[in-house]
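Following: one structure in structure tokens, then a few remarks.
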Amino acid sequence: MTYNGLLTTFPKEIRLFIATFVVILSIGYFTGLLFIQHTEATSPNGIEENYLGNEEDEEANVMKFKKGDREMLTTVHTHILSMSFIFFLLGGLVWMTHAPKKWKLFLTIEPFISVILTFGGIYLMWSGIGWFKYVVIVSGILMTVCFMGAASLVLWQCARPKKVGN
């Protein structure tokens with residue numbers, strides 16, 4: 001089965017449908033990043049404070065309390081499931097683009113590893129393994145870079161149809 005470059009051969013209406021989906025998916029993804037920025041969880045200490053609380057800091061602008069078992073399990077569960085679907089759908093579109101197989105393999109497999117490292121790392125950090133906050137930051141950045149790369153590749157190829165005779 002030939003799938004490399006298949007996306008560029010789709011009719012204009014289907015490419016528009018796919019591009020619209022990727023744009024809306026990207027808005028949702030980056031809204032989540034804005035939420036992370038809003039909760040000040042973009043630094044190692046901010047991540048730790050967001051999940052472990054800051055009750056001992058009397059000068060904190062916003063008082064935060066350690067998340068409970070139920071809240072942590074819900075956060076980890078829902079994020080792993082939803083992010084898996086996001087990267088599965090986007091990955092399926094990436095495999096239909098015209099790009100080197102190694103790029104596509106990286107853009108479609110790495111996000112799954114990052115999802116486990118990011119949300120599993122948050123849980124492990126919350127459980128008491130504090131250095132996982134650094135794993136969470138690195139894997140979160142790598143996940144976002146892969147998302148941006150995959151979404152850009154799909155949008156670029158939706159906008160650039162295959163020319164007749166190519």
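We name chains A, B, ... following the order of the structure tokens; residues begin at 1 in each chain, and ligands are numbered from 1 as shown.
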- [ ] Please identify which residues in segment 33-154 of chain A DSSP calls helix (DSSP H, G or I) from the backbone, and express them as a ChimeraX atom specification.
- [x] /A:33-38,44-52,69-94,101-127,132-154
- [ ] Show which residues sit within 6 Å of segment 87-99 of chain A, as a ChimeraX atom specification. Count only C-alpha atoms, and ignore same-chain residues fewer than 6 positions away.
- [x] /A:3-7,108
- [ ] Go ahead and compute the interatomic distance for atom CA of Thr118 of chain A and atom CA of Gly140 of chain A, in Å to one decimal.
- [x] 5.9 Å
- [ ] Tell me, in Å to one decimal, how far atom CA of Glu13 of chain A is from atom CA of Leu153 of chain A.
- [x] 18.2 Å
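For Leu16 of chain A, the list of residues within 12 Å, based on only C-alpha atoms and with local chain neighbours fewer than 2 positions off taken out, reads Leu7, Thr8, Phe10, Pro11, Lys12, Glu13, Ile14, Ile18, Ala19, Thr20, Phe21, Val22, Val23, Val154, Leu155, Trp156, Gln157, Cys158, Ala159, Arg160 and Pro161 of chain A.
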TODO: Show which residues sit within 12 Å of Thr42 of chain A, as number ranges by chain. Count only C-alpha atoms, and ignore same-chain residues fewer than 4 positions away.
DONE: A: 33-38, 46-50, 133-134, 136-138, 140-141
